[in-house]
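Undergrad: Hey, dropping work_12.pdb in here, PDB, N, CA, C and O atoms:
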```pdb
MODEL        1
ATOM      1  N   MET A 150      30.887 -50.388  36.260
ATOM      2  CA  MET A 150      31.232 -49.047  36.719
ATOM      3  C   MET A 150      30.626 -48.819  38.109
ATOM      4  O   MET A 150      29.488 -49.173  38.382
ATOM      5  N   MET A 151      31.375 -48.186  38.966
ATOM      6  CA  MET A 151      30.920 -47.922  40.331
ATOM      7  C   MET A 151      30.088 -46.638  40.374
ATOM      8  O   MET A 151      30.447 -45.635  39.771
ATOM      9  N   ASN A 152      28.945 -46.701  41.075
ATOM     10  CA  ASN A 152      28.135 -45.500  41.270
ATOM     11  C   ASN A 152      28.777 -44.631  42.335
ATOM     12  O   ASN A 152      29.309 -45.143  43.312
ATOM     13  N   GLN A 153      28.697 -43.345  42.134
ATOM     14  CA  GLN A 153      29.253 -42.420  43.119
ATOM     15  C   GLN A 153      28.112 -41.610  43.720
ATOM     16  O   GLN A 153      27.210 -41.158  43.013
ATOM     17  N   PHE A 154      28.166 -41.444  45.023
ATOM     18  CA  PHE A 154      27.117 -40.730  45.747
ATOM     19  C   PHE A 154      27.784 -39.641  46.590
ATOM     20  O   PHE A 154      28.703 -39.926  47.355
ATOM     21  N   ILE A 155      27.343 -38.408  46.431
ATOM     22  CA  ILE A 155      27.912 -37.306  47.206
ATOM     23  C   ILE A 155      26.772 -36.519  47.843
ATOM     24  O   ILE A 155      25.778 -36.194  47.191
ATOM     25  N   THR A 156      26.914 -36.236  49.109
ATOM     26  CA  THR A 156      25.994 -35.339  49.802
ATOM     27  C   THR A 156      26.836 -34.443  50.703
ATOM     28  O   THR A 156      27.947 -34.804  51.082
ATOM     29  N   SER A 157      26.330 -33.273  51.038
ATOM     30  CA  SER A 157      27.136 -32.285  51.772
ATOM     31  C   SER A 157      26.416 -31.787  53.014
ATOM     32  O   SER A 157      25.194 -31.690  53.043
ATOM     33  N   PHE A 158      27.230 -31.447  54.008
ATOM     34  CA  PHE A 158      26.738 -30.875  55.252
ATOM     35  C   PHE A 158      27.550 -29.638  55.594
ATOM     36  O   PHE A 158      28.743 -29.572  55.327
ATOM     37  N   ILE A 159      26.900 -28.681  56.224
ATOM     38  CA  ILE A 159      27.583 -27.529  56.823
ATOM     39  C   ILE A 159      27.505 -27.720  58.327
ATOM     40  O   ILE A 159      26.417 -27.961  58.872
ATOM     41  N   VAL A 160      28.639 -27.650  58.997
ATOM     42  CA  VAL A 160      28.692 -27.839  60.446
ATOM     43  C   VAL A 160      29.162 -26.521  61.070
ATOM     44  O   VAL A 160      30.238 -26.030  60.762
ATOM     45  N   ARG A 161      28.322 -25.967  61.946
ATOM     46  CA  ARG A 161      28.677 -24.737  62.667
ATOM     47  C   ARG A 161      28.795 -25.073  64.148
ATOM     48  O   ARG A 161      27.890 -25.668  64.723
ATOM     49  N   CYS A 162      29.910 -24.683  64.733
ATOM     50  CA  CYS A 162      30.166 -24.996  66.145
ATOM     51  C   CYS A 162      30.215 -23.706  66.960
ATOM     52  O   CYS A 162      30.931 -22.774  66.613
ATOM     53  N   HIS A 163      29.450 -23.699  68.024
ATOM     54  CA  HIS A 163      29.421 -22.569  68.940
ATOM     55  C   HIS A 163      29.939 -23.077  70.280
ATOM     56  O   HIS A 163      29.337 -23.958  70.891
ATOM     57  N   VAL A 164      31.081 -22.548  70.709
ATOM     58  CA  VAL A 164      31.667 -22.965  71.978
ATOM     59  C   VAL A 164      31.173 -22.017  73.063
ATOM     60  O   VAL A 164      31.291 -20.799  72.947
ATOM     61  N   ILE A 165      30.600 -22.589  74.115
ATOM     62  CA  ILE A 165      30.075 -21.807  75.226
ATOM     63  C   ILE A 165      31.004 -22.017  76.417
ATOM     64  O   ILE A 165      31.128 -23.128  76.927
ATOM     65  N   GLU A 166      31.677 -20.959  76.809
ATOM     66  CA  GLU A 166      32.595 -21.040  77.950
ATOM     67  C   GLU A 166      31.823 -20.763  79.233
ATOM     68  O   GLU A 166      31.225 -19.714  79.405
ATOM     69  N   SER A 167      31.802 -21.733  80.092
ATOM     70  CA  SER A 167      31.175 -21.578  81.404
ATOM     71  C   SER A 167      32.032 -22.369  82.379
ATOM     72  O   SER A 167      33.225 -22.528  82.151
ATOM     73  N   HIS A 168      31.459 -22.893  83.449
ATOM     74  CA  HIS A 168      32.247 -23.686  84.386
ATOM     75  C   HIS A 168      32.811 -24.931  83.693
ATOM     76  O   HIS A 168      33.795 -25.495  84.127
ATOM     77  N   GLN A 169      32.159 -25.356  82.634
ATOM     78  CA  GLN A 169      32.704 -26.404  81.772
ATOM     79  C   GLN A 169      32.450 -25.972  80.336
ATOM     80  O   GLN A 169      31.580 -25.160  80.074
ATOM     81  N   ARG A 170      33.232 -26.472  79.434
ATOM     82  CA  ARG A 170      33.072 -26.082  78.033
ATOM     83  C   ARG A 170      31.900 -26.850  77.427
ATOM     84  O   ARG A 170      31.861 -28.064  77.459
ATOM     85  N   ASP A 171      30.937 -26.132  76.892
ATOM     86  CA  ASP A 171      29.786 -26.731  76.226
ATOM     87  C   ASP A 171      29.812 -26.346  74.754
ATOM     88  O   ASP A 171      30.359 -25.312  74.378
ATOM     89  N   TYR A 172      29.191 -27.182  73.959
ATOM     90  CA  TYR A 172      29.136 -26.940  72.523
ATOM     91  C   TYR A 172      27.694 -26.956  72.054
ATOM     92  O   TYR A 172      26.874 -27.691  72.578
ATOM     93  N   ARG A 173      27.415 -26.169  71.054
ATOM     94  CA  ARG A 173      26.163 -26.240  70.319
ATOM     95  C   ARG A 173      26.580 -26.412  68.867
ATOM     96  O   ARG A 173      27.303 -25.592  68.317
ATOM     97  N   ILE A 174      26.148 -27.497  68.275
ATOM     98  CA  ILE A 174      26.506 -27.795  66.902
ATOM     99  C   ILE A 174      25.253 -27.664  66.049
ATOM    100  O   ILE A 174      24.234 -28.294  66.325
ATOM    101  N   LYS A 175      25.332 -26.836  65.032
ATOM    102  CA  LYS A 175      24.221 -26.658  64.106
ATOM    103  C   LYS A 175      24.627 -27.336  62.802
ATOM    104  O   LYS A 175      25.651 -27.014  62.199
ATOM    105  N   LEU A 176      23.831 -28.314  62.384
ATOM    106  CA  LEU A 176      24.136 -29.137  61.226
ATOM    107  C   LEU A 176      23.106 -28.874  60.144
ATOM    108  O   LEU A 176      21.904 -28.988  60.382
ATOM    109  N   THR A 177      23.580 -28.510  58.962
ATOM    110  CA  THR A 177      22.689 -28.266  57.827
ATOM    111  C   THR A 177      23.012 -29.256  56.719
ATOM    112  O   THR A 177      24.161 -29.352  56.294
ATOM    113  N   HIS A 178      21.997 -30.000  56.282
ATOM    114  CA  HIS A 178      22.161 -30.872  55.120
ATOM    115  C   HIS A 178      21.892 -30.010  53.896
ATOM    116  O   HIS A 178      20.789 -29.495  53.711
ATOM    117  N   VAL A 179      22.920 -29.805  53.079
ATOM    118  CA  VAL A 179      22.843 -28.850  51.975
ATOM    119  C   VAL A 179      21.750 -29.226  50.973
ATOM    120  O   VAL A 179      20.924 -28.387  50.614
ATOM    121  N   GLN A 180      21.722 -30.474  50.538
ATOM    122  CA  GLN A 180      20.748 -30.872  49.528
ATOM    123  C   GLN A 180      19.320 -30.873  50.082
ATOM    124  O   GLN A 180      18.385 -30.541  49.377
ATOM    125  N   GLY A 181      19.154 -31.239  51.336
ATOM    126  CA  GLY A 181      17.828 -31.271  51.943
ATOM    127  C   GLY A 181      17.422 -29.946  52.555
ATOM    128  O   GLY A 181      16.269 -29.726  52.875
ATOM    129  N   GLU A 182      18.388 -29.058  52.749
ATOM    130  CA  GLU A 182      18.184 -27.723  53.319
ATOM    131  C   GLU A 182      17.567 -27.743  54.707
ATOM    132  O   GLU A 182      16.983 -26.765  55.143
ATOM    133  N   ASN A 183      17.681 -28.882  55.426
ATOM    134  CA  ASN A 183      17.159 -28.901  56.792
ATOM    135  C   ASN A 183      18.306 -28.676  57.774
ATOM    136  O   ASN A 183      19.442 -29.041  57.533
ATOM    137  N   GLU A 184      17.983 -28.021  58.885
ATOM    138  CA  GLU A 184      18.983 -27.642  59.876
ATOM    139  C   GLU A 184      18.549 -28.163  61.250
ATOM    140  O   GLU A 184      17.400 -27.996  61.638
ATOM    141  N   ILE A 185      19.493 -28.810  61.951
ATOM    142  CA  ILE A 185      19.208 -29.386  63.260
ATOM    143  C   ILE A 185      20.340 -29.008  64.204
ATOM    144  O   ILE A 185      21.501 -28.959  63.803
ATOM    145  N   SER A 186      20.013 -28.770  65.468
ATOM    146  CA  SER A 186      21.027 -28.442  66.474
ATOM    147  C   SER A 186      21.282 -29.636  67.383
ATOM    148  O   SER A 186      20.368 -30.403  67.695
ATOM    149  N   PHE A 187      22.537 -29.754  67.827
ATOM    150  CA  PHE A 187      22.960 -30.838  68.710
ATOM    151  C   PHE A 187      23.820 -30.278  69.823
ATOM    152  O   PHE A 187      24.417 -29.209  69.680
ATOM    153  N   ASP A 188      23.903 -31.027  70.915
ATOM    154  CA  ASP A 188      24.748 -30.636  72.047
ATOM    155  C   ASP A 188      26.089 -31.356  72.048
ATOM    156  O   ASP A 188      26.942 -31.060  72.873
ATOM    157  N   SER A 189      26.254 -32.327  71.141
ATOM    158  CA  SER A 189      27.520 -33.062  71.110
ATOM    159  C   SER A 189      27.918 -33.375  69.672
ATOM    160  O   SER A 189      27.067 -33.528  68.793
ATOM    161  N   PHE A 190      29.216 -33.480  69.469
ATOM    162  CA  PHE A 190      29.734 -33.844  68.162
ATOM    163  C   PHE A 190      29.299 -35.269  67.797
ATOM    164  O   PHE A 190      29.019 -35.561  66.638
ATOM    165  N   GLU A 191      29.246 -36.145  68.795
ATOM    166  CA  GLU A 191      28.852 -37.530  68.550
ATOM    167  C   GLU A 191      27.432 -37.617  67.994
ATOM    168  O   GLU A 191      27.166 -38.358  67.044
ATOM    169  N   ASP A 192      26.515 -36.846  68.581
ATOM    170  CA  ASP A 192      25.132 -36.845  68.093
ATOM    171  C   ASP A 192      25.054 -36.296  66.668
ATOM    172  O   ASP A 192      24.305 -36.810  65.834
ATOM    173  N   ALA A 193      25.820 -35.242  66.387
ATOM    174  CA  ALA A 193      25.828 -34.661  65.042
ATOM    175  C   ALA A 193      26.379 -35.665  64.028
ATOM    176  O   ALA A 193      25.812 -35.835  62.937
ATOM    177  N   MET A 194      27.458 -36.357  64.379
ATOM    178  CA  MET A 194      28.043 -37.366  63.487
ATOM    179  C   MET A 194      27.075 -38.521  63.250
ATOM    180  O   MET A 194      26.939 -39.001  62.121
ATOM    181  N   ASN A 195      26.395 -38.965  64.299
ATOM    182  CA  ASN A 195      25.410 -40.045  64.144
ATOM    183  C   ASN A 195      24.287 -39.629  63.200
ATOM    184  O   ASN A 195      23.828 -40.423  62.373
ATOM    185  N   HIS A 196      23.846 -38.380  63.323
ATOM    186  CA  HIS A 196      22.782 -37.897  62.444
ATOM    187  C   HIS A 196      23.254 -37.854  60.988
ATOM    188  O   HIS A 196      22.515 -38.246  60.076
ATOM    189  N   MET A 197      24.491 -37.397  60.760
ATOM    190  CA  MET A 197      25.026 -37.376  59.396
ATOM    191  C   MET A 197      25.084 -38.793  58.824
ATOM    192  O   MET A 197      24.699 -39.016  57.675
ATOM    193  N   LYS A 198      25.545 -39.731  59.627
ATOM    194  CA  LYS A 198      25.644 -41.122  59.176
ATOM    195  C   LYS A 198      24.265 -41.673  58.812
ATOM    196  O   LYS A 198      24.095 -42.290  57.758
ATOM    197  N   GLN A 199      23.281 -41.441  59.669
ATOM    198  CA  GLN A 199      21.924 -41.929  59.401
ATOM    199  C   GLN A 199      21.347 -41.282  58.143
ATOM    200  O   GLN A 199      20.664 -41.932  57.357
ATOM    201  N   THR A 200      21.618 -39.996  57.954
ATOM    202  CA  THR A 200      21.126 -39.293  56.764
ATOM    203  C   THR A 200      21.724 -39.890  55.504
ATOM    204  O   THR A 200      21.008 -40.196  54.549
ATOM    205  N   VAL A 201      23.032 -40.090  55.501
ATOM    206  CA  VAL A 201      23.704 -40.637  54.320
ATOM    207  C   VAL A 201      23.224 -42.063  54.050
ATOM    208  O   VAL A 201      22.926 -42.413  52.905
ATOM    209  N   GLU A 202      23.139 -42.878  55.081
ATOM    210  CA  GLU A 202      22.678 -44.253  54.890
ATOM    211  C   GLU A 202      21.245 -44.287  54.367
ATOM    212  O   GLU A 202      20.911 -45.112  53.532
ATOM    213  N   GLY A 203      20.399 -43.387  54.844
ATOM    214  CA  GLY A 203      19.013 -43.330  54.374
ATOM    215  C   GLY A 203      18.913 -42.902  52.922
ATOM    216  O   GLY A 203      18.074 -43.401  52.173
ATOM    217  N   LEU A 204      19.791 -42.010  52.498
ATOM    218  CA  LEU A 204      19.769 -41.541  51.116
ATOM    219  C   LEU A 204      20.302 -42.588  50.151
ATOM    220  O   LEU A 204      19.953 -42.586  48.974
ATOM    221  N   GLN A 205      21.150 -43.489  50.636
ATOM    222  CA  GLN A 205      21.754 -44.492  49.770
ATOM    223  C   GLN A 205      20.864 -45.720  49.571
ATOM    224  O   GLN A 205      21.154 -46.549  48.739
ATOM    225  N   LYS A 206      19.771 -45.820  50.329
ATOM    226  CA  LYS A 206      18.874 -46.971  50.177
ATOM    227  C   LYS A 206      18.230 -46.950  48.794
ATOM    228  O   LYS A 206      17.825 -45.906  48.304
ATOM    229  N   SER A 207      18.133 -48.110  48.217
ATOM    230  CA  SER A 207      17.434 -48.213  46.932
ATOM    231  C   SER A 207      15.945 -48.357  47.204
ATOM    232  O   SER A 207      15.545 -48.790  48.280
ATOM    233  N   PRO A 208      15.097 -48.048  46.240
ATOM    234  CA  PRO A 208      13.641 -48.195  46.445
ATOM    235  C   PRO A 208      13.263 -49.636  46.794
ATOM    236  O   PRO A 208      12.321 -49.869  47.531
ATOM    237  N   GLU A 209      14.004 -50.619  46.291
ATOM    238  CA  GLU A 209      13.722 -52.018  46.599
ATOM    239  C   GLU A 209      13.926 -52.290  48.088
ATOM    240  O   GLU A 209      13.188 -53.047  48.700
ATOM    241  N   GLU A 210      14.949 -51.667  48.702
ATOM    242  CA  GLU A 210      15.212 -51.878  50.123
ATOM    243  C   GLU A 210      14.097 -51.310  50.984
ATOM    244  O   GLU A 210      13.772 -51.841  52.023
ATOM    245  N   ASP A 211      13.501 -50.202  50.570
ATOM    246  CA  ASP A 211      12.410 -49.585  51.327
ATOM    247  C   ASP A 211      11.161 -50.474  51.344
ATOM    248  O   ASP A 211      10.377 -50.425  52.274
ATOM    249  N   ARG A 212      10.971 -51.305  50.328
ATOM    250  CA  ARG A 212       9.786 -52.143  50.234
ATOM    251  C   ARG A 212       9.899 -53.411  51.070
ATOM    252  O   ARG A 212       8.938 -54.117  51.259
ATOM    253  N   LYS A 213      11.098 -53.704  51.572
ATOM    254  CA  LYS A 213      11.304 -54.941  52.364
ATOM    255  C   LYS A 213      10.732 -54.798  53.739
ATOM    256  O   LYS A 213      10.597 -53.804  54.323
TER     257      LYS A 213
ENDMDL
END
```
Rewrite the structure of this file - the entire thing - as structure tokens.
TA:
Amino acid sequence: MMNQFITSFIVRCHVIESHQRDYRIKLTHVQGENEISFDSFEDAMNHMKQTVEGLQKSPEEDRK
């Protein structure tokens, strides 16, 4: 049987109109309840990926 792993994020985007369009992305990990702000979607996506990969590690992998 395959194990299933689910984690959730809330992504809030604030568009700042100035001479160029800027973004502020506020990312909340629902299960961890921590909130971090980013200036780019790429940085927010990288953080989500790292969070999910870190949560999927088994205790044996941490000891290596």
Undergrad: Apply the PyMOL selection byres (((chain A and resi 184 and name CA) around 12) and name CA) to the structure shown and report the selected residues as a ChimeraX atom specification.
TA: /A:158-161,174-183,185-187,193,196-197
Undergrad: Edge lengths and centre, in Å to one decimal, as AutoDock Vina command-line options: that's what I need for the box along x, y and z that holds all listed atoms of region 170-176 of chain A plus 8 Å on each side.
TA:
```
--center_x 27.6 --center_y -27.2 --center_z 69.8 --size_x 27.3 --size_y 19.8 --size_z 35.3
```
Undergrad: Mind giving me the straight-line distance from atom O of Glu202 (chain A) to atom N of Phe190 (chain A) in Å, one decimal?
TA: 21.4 Å
Undergrad: Could you check how far atom N of Asp188 (chain A) sits from CA of Arg173 (chain A), in Å to one decimal?
TA: 5.3 Å
Undergrad: Output the residue selection produced by the PyMOL selection byres (((chain A and resi 163 and name CA) around 6) and name CA) on the file above, formatted as a tab-separated table (two decimals) with N, CA, C and O atoms, in the frame of the given file.
TA:
```
chain	number	residue	atom	x	y	z
A	162	CYS	N	29.91	-24.68	64.73
A	162	CYS	CA	30.17	-25.00	66.14
A	162	CYS	C	30.22	-23.71	66.96
A	162	CYS	O	30.93	-22.77	66.61
A	164	VAL	N	31.08	-22.55	70.71
A	164	VAL	CA	31.67	-22.96	71.98
A	164	VAL	C	31.17	-22.02	73.06
A	164	VAL	O	31.29	-20.80	72.95
A	172	TYR	N	29.19	-27.18	73.96
A	172	TYR	CA	29.14	-26.94	72.52
A	172	TYR	C	27.69	-26.96	72.05
A	172	TYR	O	26.87	-27.69	72.58
A	173	ARG	N	27.42	-26.17	71.05
A	173	ARG	CA	26.16	-26.24	70.32
A	173	ARG	C	26.58	-26.41	68.87
A	173	ARG	O	27.30	-25.59	68.32
```
Undergrad: Using all atoms listed in the file for the distances, tell me which of A:Arg170, A:Ser189, A:Thr156, A:Ile165 is nearest to Val201 (chain A).
TA: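 Distance minimum relative to Val201 (chain A) lands on A:Thr156.
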Undergrad: Record the distance separating CA of Glu166 (chain A) and CA of Glu191 (chain A), expressed in Å with one decimal.
TA: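 One can read the CA of Glu166 (chain A) to CA of Glu191 (chain A) distance as 19.3 Å.
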